[in-house]
Structure formats: C-alpha cells, structure tokens
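Novice: My structure is below; once you've seen it, I'll send some questions.
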Amino acid sequence: MPTVGIVIVAAGSGVRLGRGIPKAFVEIDGTSMLARALEVVRDIKPAALVIAGPPAHLDAVSAIVEDVGVAATVVAGGETRTDSVRLAMAAMPSVDVVLIHDVARFATPSEVFDRVIASVVKTNDGAVPVLPVADTIVVADDGIVTENTERARLYRVQTPQGFPCAEYAAAIAGSVGDFTDDSSIWRGIGGTVRTVAGDERSHKITVESDLASHAGSLRVGLGTDTHAFGGSKPLWLGCLEWPDETGLSGHSDGDAVAHALCVALLSRAGLGDIGTVFGTDDPRYSGARGDVFLRGALDKLAEIGLAPKSASVQIVGNRPKIGPRRVEIERTLTGILGAPVSVSATTTDGLGFTGEGKGITAIAIAHVSAR
C-alpha cells in the first residue's frame with residue numbers, strides 16, 4: 001500500500017482578505033480554515049502531515065492541530081508560497097506520494113484527494129485537480145483584445161496537487177523563484193502532469209467576497225407535513241413513541257415532525273421532497289420510523305457537501321400534550337441531526353383540521369450550509 005504525505009500551506013498573511021489575522025485562523029461559522037482543512041485530512045489518514053504556518057503563530061497552529069486530533073509536524077512558512085512548500089518538504093519524511101494543499105481550499109472533499117493519489121500511484125506522474133472554464137478567455141494588451149483562446153482546452157487548477165515524493169522533494173529543493181502552482185516545478189524538470197476531476201467546493205478563499213459561499217451562507221429550508229389520526233399503529237412523533245395515544249395514518253409511521261424536518265432539509269438543498277427522494281409507495285419504508293428518513297436526508301446532504309446547522313419545528317394540534325416531553329424531543333432530534341433543534345407547540349383554538357382533533361401538522365425550518 002503506497003504511503004502518502006500531505007503538506008498544508010497555511011502561512012499566508014491574509015492581507016487581501018482584510019481580517020487582520022493570518023488566513024488560516026479566519027473562522028467560517030465558528031471554525032477556522034485550518035481546522036476545517038485538517039478535519040478532511042484526518043479522514044484520509046496520511047502517513048505524514050506537515051503544516052507550513054505563519055512564523056509568528058506556530059503555537060496557535062499547534063493548538064488547532066491538537067484540538068482537531070491529528071498528528072502533524074508544524075514548520076515556519078517562508079516569504080513566498082514556494083518558500084513555504086520548500087520548507088515543509090524539507091521536513092517531510094520518506095513517503096511514496098506527496099500532496100501539496102492550500103488551506104484556503106479547506107472545503108475540498110476527500111474524494112478529490114483520493115483521485116489525485118490514485119493518479120500518481122497508477123502513473124508515477126504528477127496530478128492536479130481541474131475544472132473546466134465557463135467564461136470566454138481572451139488575451140489583451142493595453143486594454144485591447146489581441147488574442148482569443150480555445151475555451152475547451154482551458155481549465156482551472158485546484159489543490160491538492162500530487163507527485164512522487166522523492167522526485168518532487170529534489171525538484172523543489174533545487175528550484176529558483178516563486179511559483180503559484182506546484183505542478184510548474186514538476187513540469188520544469190520534465191515531469192508529466194495529469195489532470196483529475198476537481199470540485200466546485202474547492203473554491204479558494206482570497207478576498208472577502210470569496211467567503212460568501214461559506215461564511216454566513218446559511219440556506220433556509222421550509223417543510224410541512226400533516227397526518228390524520230387513525231389506524232392501529234402506535235403514535236410516533238418527534239422520533240419518540242407516545243404510549244396510549246392514537247397513531248397517525250401514513251405509509252410509514254406517520255411521524256409528522258420527522259417528516260416535516262426531512263422535507264425542510266431536502267428542499268433547501270434542492271433535492272426535492274420526501275416522496276420524491278424516498279418514494280411514498282416503496283415497500284422498504286412501510287412503517288419506517290422517522291429517524292430513517294432523517295438519516296437518509298443527512299446522507300443526501302453530505303453527498304453534495306452540505307450539513308444542517310440548526311432547525312426549528314412547531315407542532316400544531318390539540319394532542320398529545322407536547323410540553324411534558326418537549327425537551328426530550330429536542331434532545332432526540334438534535335442527536336440525530338448533529339445540530340441543535342428547537343421544538344414548540346400550539347393549538348388553533350378549535351379551528352380547522354387540527355383544532356377539531358383530527359390530526360397533527362408540523363412546520364419545520366432547517367438551516368443548512370457547507371460542511
């Protein structure tokens with residue numbers, strides 16, 4: 001099994017971002033870029049991890065490493081990005097494959113790392129993740145277009161970029177000048193660089209506007225569900241069983257609270273509704289508990305790099321009495337979602353379907369953002 005080492009370049013001052021602190025320490029929804037990058041790397045389980053951090057803040061880098069729970073060597077970065085990579089590579093032990101990754105691309109999913117590693121192992125060449133260019137690109141001199149380019153052959157290059165470790169270590173040790181792209185050094189010694197599929201989530205954070213796709217970008221989804229009382233099934237509500245209460249009708253367990261919350265999660269992610277995703281007639285879900293649908297929705301969100309951050313549910317109905325078990329519902333749903341869930345209840349003063357005691361409606365709001 002080939003051994004893999006990863007370099008995280010995290011020494012940037014973050015001047016263009018304008019937060020007054022090194023970029024690695026800028027927080028996204030309460031978690032620093034460095035911590036988020038390390039959480040992805042932790043799942044990859046590299047044989048070696050070296051972080052090039054801001055020279056004046058190495059203790060802070062080490063504290064984040066310890067908090068995330070990874071083993072890493074922390075070194076002081078240099079004046080330029082290439083200097084930082086060179087210093088990190090000097091501390092890299094002998095491994096088969098090395099990946100160079102920017103902390104500013106902290107949201108890069110692990111699948112991209114896997115694709116780069118697989119390419120290097122298979123070909124013994126360099127490998128970079130890329131995305132096609134959507135805009136038309138031209139060359140201009142002094143404000144005048146002088147050349148058009150063929151868009152089909154243009155790509156946006158991302159990280160991590162991977163190479164056979166021993167050869168790359170020698171290449172960068174002998175390199176002169178600064179390079180914005182690691183593969184340029186590899187090509188400079190005659191190496192071949194192959195491309196693998198990148199990911200839009202690998203968007204690089206450089207200026208304040210780049211944070212819009214991450215920080216403060218909570219997506220709000222709304223979901224409702226209504227079920228009538230009836231049948232011989234026990235009552236399940238909020239993923240809890242309610243003894244001695246009449247159950248709710250439905251193909252599954254009729255848990256209006258869980259179903260509304262599931263719809264809220266799916267809808268804001270653009271994944272459709274519960275019937276579309278799980279199928280109202282699918283025999284696999286006959287009598288299924290609400291947590292089955294919630295966990296399924298979480299899996300669907302994770303596939304596109306999203307996760308819930310918080311949720312709220314209001315239960316509308318005359319019975320059962322929610323107050324005595326409200327905290328229990330909140331704890332149960334919070335445990336399933338991995339995010340805080342608040343629950344409230346109300347009646348309709350005897351008006352309508354719920355006011356007449358014929359059933360229960362639940363209304364849910366879910367806040368979703370990048371993982």
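Residue names in the structure tokens use chain letters A, B, ... in the order shown, residue numbers from 1 in each chain, and ligand numbers from 1 in the order shown.
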So which residues touch Glu111 in chain A within 10 Å, counting only C-alpha atoms, skipping near sequence neighbours fewer than 5 positions away, as a list in words?
Specialist: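 After dropping sequence-adjacent residues, the list is Val40, Ile44, Val116, Ile117, Ala197, Gly198 and Asp199 of chain A.
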Novice: What would the file look like if the residues just selected were written as an mmCIF file, in the first residue's frame with C-alpha atoms?
Specialist:
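Result went into part_38.cif, see below:
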```
data_model
loop_
_atom_site.group_PDB
_atom_site.id
_atom_site.type_symbol
_atom_site.label_atom_id
_atom_site.label_comp_id
_atom_site.auth_asym_id
_atom_site.auth_seq_id
_atom_site.Cartn_x
_atom_site.Cartn_y
_atom_site.Cartn_z
ATOM 1 C CA VAL A 40 -10.771 16.483 5.866
ATOM 2 C CA ILE A 44 -7.626 10.471 4.716
ATOM 3 C CA VAL A 116 -5.099 12.667 -7.076
ATOM 4 C CA ILE A 117 -3.472 9.892 -5.048
ATOM 5 C CA ALA A 197 -11.722 15.941 -11.798
ATOM 6 C CA GLY A 198 -11.791 18.824 -9.358
ATOM 7 C CA ASP A 199 -14.744 20.039 -7.316
#
```
Novice: Residues of range 185-240 of chain A that approach range 255-274 of chain A to 9 Å or less, counting only C-alpha atoms: could you list each one with the shortest pair of atoms and its distance in Å to one decimal, rows by chain and increasing residue number, as a Markdown table?
Specialist:
```
| residue | atom | partner | partner_atom | distance |
| --- | --- | --- | --- | --- |
| A:Arg219 | CA | A:Arg268 | CA | 6.4 |
| A:Val220 | CA | A:Arg268 | CA | 6.0 |
| A:Gly221 | CA | A:Arg268 | CA | 4.2 |
| A:Leu222 | CA | A:Ala264 | CA | 4.4 |
| A:Gly223 | CA | A:Ala264 | CA | 4.1 |
| A:Thr224 | CA | A:Ala260 | CA | 4.5 |
| A:Asp225 | CA | A:Ala260 | CA | 4.9 |
| A:Thr226 | CA | A:Ala256 | CA | 5.8 |
| A:His227 | CA | A:Ala256 | CA | 6.3 |
| A:Leu235 | CA | A:Asp255 | CA | 7.8 |
| A:Trp236 | CA | A:Asp255 | CA | 5.4 |
| A:Leu237 | CA | A:Asp255 | CA | 4.8 |
| A:Gly238 | CA | A:Val257 | CA | 5.1 |
| A:Cys239 | CA | A:Ala258 | CA | 6.5 |
| A:Leu240 | CA | A:Asp255 | CA | 8.9 |
```
Novice: Please produce an output containing C-alpha atoms for each residue in the selection, written as a PDB file, in the first residue's frame.
Specialist:
```pdb
ATOM      1  CA  ARG A 219     -29.558  28.156   3.446  1.00  0.00           C
ATOM      2  CA  VAL A 220     -33.019  28.071   4.937  1.00  0.00           C
ATOM      3  CA  GLY A 221     -35.412  25.285   4.035  1.00  0.00           C
ATOM      4  CA  LEU A 222     -39.109  25.061   4.924  1.00  0.00           C
ATOM      5  CA  GLY A 223     -41.047  21.838   5.337  1.00  0.00           C
ATOM      6  CA  THR A 224     -44.567  20.935   6.438  1.00  0.00           C
ATOM      7  CA  ASP A 225     -46.333  17.638   6.976  1.00  0.00           C
ATOM      8  CA  THR A 226     -49.825  16.657   8.083  1.00  0.00           C
ATOM      9  CA  HIS A 227     -51.202  13.286   9.131  1.00  0.00           C
ATOM     10  CA  LEU A 235     -48.240   7.196  17.810  1.00  0.00           C
ATOM     11  CA  TRP A 236     -44.731   8.235  16.820  1.00  0.00           C
ATOM     12  CA  LEU A 237     -43.931  11.944  16.961  1.00  0.00           C
ATOM     13  CA  GLY A 238     -40.545  13.604  17.000  1.00  0.00           C
ATOM     14  CA  CYS A 239     -38.952  10.140  16.728  1.00  0.00           C
ATOM     15  CA  LEU A 240     -40.491   9.198  20.080  1.00  0.00           C
TER      16      LEU A 240
END
```
Novice: Which of range 21-256 of chain A counts as strand (DSSP E or B) under DSSP, as a ChimeraX atom specification please?
Specialist: /A:27-28,31-32,48-53,73-76,97-102,126-132,138-141,144-148,155-157,161-164,193-197,219-237,240-248
Novice: Quick one: residues within 9 Å of Val7 in chain A, only C-alpha atoms counted, chain neighbours fewer than 6 positions away excluded, as a short mmCIF file (atom, residue, chain, number, x, y, z; two decimals) with N, CA and C atoms, in the first residue's frame?
Specialist:
```cif
data_model
loop_
_atom_site.label_atom_id
_atom_site.label_comp_id
_atom_site.auth_asym_id
_atom_site.auth_seq_id
_atom_site.Cartn_x
_atom_site.Cartn_y
_atom_site.Cartn_z
N ALA A 48 2.11 10.88 6.87
CA ALA A 48 2.82 12.06 7.39
C ALA A 48 2.06 13.32 7.00
N LEU A 49 2.06 14.29 7.89
CA LEU A 49 1.39 15.57 7.64
C LEU A 49 2.30 16.68 8.13
N VAL A 50 2.61 17.63 7.23
CA VAL A 50 3.45 18.77 7.58
C VAL A 50 2.68 20.04 7.26
N ILE A 51 2.64 20.95 8.22
CA ILE A 51 1.92 22.22 8.04
C ILE A 51 2.92 23.36 8.06
N ALA A 52 2.91 24.18 7.02
CA ALA A 52 3.71 25.39 6.98
C ALA A 52 2.83 26.53 7.48
N VAL A 85 6.40 25.84 0.82
CA VAL A 85 6.36 24.45 0.38
C VAL A 85 7.75 23.82 0.50
N ALA A 88 8.43 23.01 4.09
CA ALA A 88 7.61 21.88 4.54
C ALA A 88 8.14 20.57 3.96
N MET A 89 8.55 20.59 2.70
CA MET A 89 9.08 19.38 2.08
C MET A 89 10.39 18.93 2.74
N MET A 92 9.40 16.73 5.45
CA MET A 92 8.57 15.58 5.10
C MET A 92 9.40 14.29 5.13
N VAL A 98 3.35 12.52 -2.31
CA VAL A 98 3.15 13.72 -1.51
C VAL A 98 2.10 14.59 -2.19
N LEU A 99 1.22 15.16 -1.38
CA LEU A 99 0.19 16.09 -1.85
C LEU A 99 0.45 17.47 -1.26
N ILE A 100 0.37 18.49 -2.09
CA ILE A 100 0.52 19.88 -1.63
C ILE A 100 -0.86 20.52 -1.68
N HIS A 101 -1.33 21.04 -0.55
CA HIS A 101 -2.70 21.53 -0.46
C HIS A 101 -2.74 22.90 0.21
N ASP A 102 -3.57 23.80 -0.33
CA ASP A 102 -3.72 25.15 0.23
C ASP A 102 -4.80 25.16 1.30
N PRO A 160 -5.61 19.49 -3.77
CA PRO A 160 -4.18 19.16 -3.65
C PRO A 160 -3.58 18.74 -4.98
#
```
Novice: One decimal, Å: what's the distance from CA of Val112 in chain A over to CA of Ala47 in chain A, could you say?
Specialist: 17.8 Å
Novice: Using Å and a single decimal, report how far CA of Lys233 in chain A sits from CA of Arg326 in chain A.
Specialist: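 Those two atoms sit 21.9 Å apart.
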Novice: Using CA of Thr82 in chain A and CA of Val103 in chain A as the two end points, give the distance in Å to one decimal.
Specialist: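 CA of Thr82 in chain A sits 14.3 Å away from CA of Val103 in chain A.
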Novice: I need the residue nearest Pro46 in chain A from this list: A:Gly12, A:Pro93, A:Gly30, A:Gly275. Use only C-alpha atoms for the distance.
Specialist: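 When distances to Pro46 in chain A are compared using only C-alpha atoms, the smallest one comes from A:Pro93.
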Novice: At a cut-off of 12 Å, using only C-alpha atoms, what residues contact range 170-179 of chain A? Leave out same-chain residues fewer than 2 positions from it and give the result as a PyMOL selection string.
Specialist: chain A and resi 78-92+100+163-168+181-191
Novice: DSSP on the backbone, helix (DSSP H, G or I) only: what residues of range 20-88 of chain A does that give? Format it as a ChimeraX atom specification.
Specialist: /A:23-25,33-44,55-68,81-88
Novice: Can you build me a table of range 76-160 of chain A residues sitting at most 12 Å from range 291-307 of chain A, with the closest atom pair per residue and its distance in Å to one decimal, using only C-alpha atoms, sorted by chain and residue number, as a Markdown table?
Specialist:
```
| residue | atom | partner | partner_atom | distance |
| --- | --- | --- | --- | --- |
| A:Ala107 | CA | A:Gly305 | CA | 8.4 |
| A:Thr108 | CA | A:Gly305 | CA | 9.3 |
| A:Pro109 | CA | A:Gly305 | CA | 7.6 |
| A:Ser110 | CA | A:Gly305 | CA | 10.6 |
| A:Glu111 | CA | A:Glu303 | CA | 10.6 |
```
Novice: Given the selection you just returned, output its residues as a file containing N, CA and C atoms, formatted as an mmCIF file, in the first residue's frame.
Specialist:
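Final file, selection.cif:
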```cif
data_model
loop_
_atom_site.group_PDB
_atom_site.id
_atom_site.type_symbol
_atom_site.label_atom_id
_atom_site.label_comp_id
_atom_site.auth_asym_id
_atom_site.auth_seq_id
_atom_site.Cartn_x
_atom_site.Cartn_y
_atom_site.Cartn_z
ATOM 1 N N ALA A 107 -12.404 23.467 1.946
ATOM 2 C CA ALA A 107 -13.632 22.701 1.739
ATOM 3 C C ALA A 107 -13.467 21.597 0.692
ATOM 4 N N THR A 108 -12.246 21.396 0.201
ATOM 5 C CA THR A 108 -12.020 20.332 -0.783
ATOM 6 C C THR A 108 -12.424 18.987 -0.197
ATOM 7 N N PRO A 109 -13.332 18.264 -0.850
ATOM 8 C CA PRO A 109 -13.774 16.986 -0.298
ATOM 9 C C PRO A 109 -12.708 15.901 -0.435
ATOM 10 N N SER A 110 -12.788 14.882 0.394
ATOM 11 C CA SER A 110 -11.776 13.828 0.416
ATOM 12 C C SER A 110 -11.701 13.064 -0.901
ATOM 13 N N GLU A 111 -12.825 13.046 -1.670
ATOM 14 C CA GLU A 111 -12.800 12.321 -2.937
ATOM 15 C C GLU A 111 -11.776 12.904 -3.902
#
```
Novice: I need the residue nearest Ala60 in chain A from this list: A:Ile322, A:Ala104, A:Ala345, A:Ala76. Use only C-alpha atoms for the distance.
Specialist: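 Closest residue, counting only C-alpha atoms: A:Ala76.
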Novice: Quick one: everything within 12 Å of Arg284 in chain A, counting only C-alpha atoms, minus sequence neighbours fewer than 5 positions away in the same chain. Send it as a list in words.
Specialist: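 The neighbour list is His251, Ser252, Phe278, Gly279, Arg289, Val292 and Phe293 of chain A.
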